Amino acid sequence: MSRQRAKRIQPLIQIAKNAVQEAMVYMGQLQQSIDTETQKKETLIEYQSEYQSGFKKKGLAGVKGLEIQQFESFMLQINDAMEKQSSQVMQLTAQLERARGIYIDLNQRLKSYEKLQERLVDQAIKIENTQLQKMLDEIGSQLHRMRHEQSN
């Protein structure tokens, strides 16, 4: 009967394990999104640099006012896109930090359930051992009495 208490905790442990696993998967997805968005930002930075270099080379030969306006307009668009990417990366990073906190809480809960189950199993074993020892003592005592009665 004592081991039944330990078995009753098993569903809680399984639910906690599933929650921890889901949290890990979610964190992995967030990290992958952060990596993707960071790569997009780095691509924009490279593109901006290449575009500026190309415009400078073109500027040595002379450029018209309209071309300068188009360049400035395009650079503003690239800057806006980079700011949006930075914001996206920051939001995803904040989400990842919150997810880590949740993961830590869930993992601690899992460890607590496992520790409780272990303690209940240990208690059950101790009770079973005590009962077994009492039974063996009783059998030994009965054997001793039987031997003592036979010798008389």
# chains A, B, ... in the order shown; residues from 1 in each chain; ligands from 1
>>> residues_around(residues="Leu30 (chain A)", least_positions_apart="2", cutoff="12 Å", atoms="only C-alpha atoms", output="JSON, numbers by chain")
{"A": [23, 24, 25, 26, 27, 28, 32, 33, 34, 35, 36, 37, 88, 89, 90, 91, 92, 93, 94, 95, 96, 97, 98, 99, 100]}
>>> write_last_selection(atoms="N, CA, C and O atoms", output="JSON list (two decimals), in the first residue's frame")
[["chain", "number", "residue", "atom", "x", "y", "z"],
["A", 23, "ALA", "N", 8.67, 23.41, -23.08],
["A", 23, "ALA", "CA", 9.39, 24.67, -22.85],
["A", 23, "ALA", "C", 10.73, 24.66, -23.58],
["A", 23, "ALA", "O", 11.14, 25.67, -24.16],
["A", 24, "MET", "N", 11.41, 23.51, -23.57],
["A", 24, "MET", "CA", 12.69, 23.41, -24.26],
["A", 24, "MET", "C", 12.51, 23.57, -25.77],
["A", 24, "MET", "O", 13.30, 24.27, -26.43],
["A", 25, "VAL", "N", 11.47, 22.95, -26.32],
["A", 25, "VAL", "CA", 11.20, 23.07, -27.75],
["A", 25, "VAL", "C", 10.90, 24.53, -28.11],
["A", 25, "VAL", "O", 11.41, 25.06, -29.09],
["A", 26, "TYR", "N", 10.08, 25.16, -27.29],
["A", 26, "TYR", "CA", 9.72, 26.57, -27.52],
["A", 26, "TYR", "C", 10.95, 27.46, -27.48],
["A", 26, "TYR", "O", 11.13, 28.35, -28.33],
["A", 27, "MET", "N", 11.82, 27.22, -26.51],
["A", 27, "MET", "CA", 13.06, 28.02, -26.42],
["A", 27, "MET", "C", 13.93, 27.80, -27.65],
["A", 27, "MET", "O", 14.53, 28.74, -28.17],
["A", 28, "GLY", "N", 13.98, 26.58, -28.14],
["A", 28, "GLY", "CA", 14.74, 26.29, -29.36],
["A", 28, "GLY", "C", 14.18, 27.03, -30.56],
["A", 28, "GLY", "O", 14.93, 27.57, -31.38],
["A", 32, "GLN", "N", 16.04, 29.94, -32.70],
["A", 32, "GLN", "CA", 16.15, 29.84, -34.15],
["A", 32, "GLN", "C", 15.61, 31.11, -34.82],
["A", 32, "GLN", "O", 16.21, 31.63, -35.77],
["A", 33, "SER", "N", 14.51, 31.63, -34.29],
["A", 33, "SER", "CA", 13.95, 32.89, -34.83],
["A", 33, "SER", "C", 14.91, 34.05, -34.61],
["A", 33, "SER", "O", 15.07, 34.89, -35.49],
["A", 34, "ILE", "N", 15.53, 34.09, -33.44],
["A", 34, "ILE", "CA", 16.50, 35.15, -33.15],
["A", 34, "ILE", "C", 17.65, 35.07, -34.14],
["A", 34, "ILE", "O", 18.09, 36.09, -34.69],
["A", 35, "ASP", "N", 18.15, 33.87, -34.37],
["A", 35, "ASP", "CA", 19.26, 33.69, -35.31],
["A", 35, "ASP", "C", 18.87, 34.14, -36.72],
["A", 35, "ASP", "O", 19.64, 34.82, -37.40],
["A", 36, "THR", "N", 17.66, 33.78, -37.14],
["A", 36, "THR", "CA", 17.18, 34.16, -38.47],
["A", 36, "THR", "C", 17.05, 35.67, -38.59],
["A", 36, "THR", "O", 17.51, 36.27, -39.59],
["A", 37, "GLU", "N", 16.45, 36.30, -37.60],
["A", 37, "GLU", "CA", 16.25, 37.76, -37.64],
["A", 37, "GLU", "C", 17.58, 38.50, -37.55],
["A", 37, "GLU", "O", 17.77, 39.53, -38.19],
["A", 88, "GLN", "N", 12.75, 43.55, -33.61],
["A", 88, "GLN", "CA", 12.28, 42.17, -33.66],
["A", 88, "GLN", "C", 13.21, 41.26, -32.85],
["A", 88, "GLN", "O", 12.76, 40.43, -32.07],
["A", 89, "VAL", "N", 14.51, 41.45, -33.01],
["A", 89, "VAL", "CA", 15.49, 40.64, -32.27],
["A", 89, "VAL", "C", 15.36, 40.90, -30.77],
["A", 89, "VAL", "O", 15.39, 39.96, -29.96],
["A", 90, "MET", "N", 15.17, 42.15, -30.40],
["A", 90, "MET", "CA", 15.02, 42.49, -28.97],
["A", 90, "MET", "C", 13.76, 41.86, -28.39],
["A", 90, "MET", "O", 13.78, 41.33, -27.28],
["A", 91, "GLN", "N", 12.66, 41.90, -29.14],
["A", 91, "GLN", "CA", 11.41, 41.30, -28.66],
["A", 91, "GLN", "C", 11.56, 39.79, -28.50],
["A", 91, "GLN", "O", 11.12, 39.22, -27.50],
["A", 92, "LEU", "N", 12.17, 39.17, -29.48],
["A", 92, "LEU", "CA", 12.37, 37.72, -29.41],
["A", 92, "LEU", "C", 13.31, 37.35, -28.27],
["A", 92, "LEU", "O", 13.09, 36.34, -27.58],
["A", 93, "THR", "N", 14.32, 38.16, -28.04],
["A", 93, "THR", "CA", 15.26, 37.91, -26.94],
["A", 93, "THR", "C", 14.55, 38.03, -25.60],
["A", 93, "THR", "O", 14.77, 37.22, -24.70],
["A", 94, "ALA", "N", 13.68, 39.03, -25.47],
["A", 94, "ALA", "CA", 12.90, 39.19, -24.24],
["A", 94, "ALA", "C", 11.98, 37.98, -24.04],
["A", 94, "ALA", "O", 11.85, 37.47, -22.92],
["A", 95, "GLN", "N", 11.36, 37.52, -25.11],
["A", 95, "GLN", "CA", 10.51, 36.33, -25.04],
["A", 95, "GLN", "C", 11.33, 35.11, -24.59],
["A", 95, "GLN", "O", 10.86, 34.31, -23.79],
["A", 96, "LEU", "N", 12.52, 34.99, -25.13],
["A", 96, "LEU", "CA", 13.39, 33.87, -24.78],
["A", 96, "LEU", "C", 13.75, 33.92, -23.30],
["A", 96, "LEU", "O", 13.75, 32.88, -22.62],
["A", 97, "GLU", "N", 14.03, 35.09, -22.79],
["A", 97, "GLU", "CA", 14.36, 35.22, -21.36],
["A", 97, "GLU", "C", 13.17, 34.83, -20.48],
["A", 97, "GLU", "O", 13.34, 34.16, -19.47],
["A", 98, "ARG", "N", 11.97, 35.26, -20.88],
["A", 98, "ARG", "CA", 10.77, 34.86, -20.12],
["A", 98, "ARG", "C", 10.59, 33.35, -20.20],
["A", 98, "ARG", "O", 10.25, 32.70, -19.20],
["A", 99, "ALA", "N", 10.80, 32.78, -21.38],
["A", 99, "ALA", "CA", 10.66, 31.33, -21.56],
["A", 99, "ALA", "C", 11.69, 30.58, -20.70],
["A", 99, "ALA", "O", 11.37, 29.53, -20.13],
["A", 100, "ARG", "N", 12.89, 31.11, -20.59],
["A", 100, "ARG", "CA", 13.91, 30.48, -19.73],
["A", 100, "ARG", "C", 13.46, 30.46, -18.28],
["A", 100, "ARG", "O", 13.66, 29.48, -17.57]]
>>> closest_residue(among="A:Lys84, A:Lys64, A:Lys57, A:Arg109", to="Ile15 (chain A)", atoms="only C-alpha atoms")
A:Arg109
>>> atom_distance(atom1="CA of Leu12 (chain A)", atom2="CA of Gln108 (chain A)")
13.2 Å
>>> closest_residue(among="A:Arg119, A:Lys134, A:Arg145, A:Lys126", to="Lys7 (chain A)", atoms="only C-alpha atoms")
A:Arg119
>>> closest_residue(among="A:Gln77, A:Thr130, A:Gln4, A:Gln85", to="Lys40 (chain A)", atoms="only C-alpha atoms")
A:Gln85
>>> closest_residue(among="A:Ile102, A:Gln117, A:Ala61, A:His148", to="Pro11 (chain A)", atoms="only C-alpha atoms")
A:Gln117
>>> closest_residue(among="A:Arg8, A:Lys17, A:Arg3, A:Arg147", to="Ile125 (chain A)", atoms="only C-alpha atoms")
A:Arg3
>>> closest_residue(among="A:Ser151, A:Gln142, A:Ser49, A:Asn107", to="Asn79 (chain A)", atoms="only C-alpha atoms")
A:Ser49
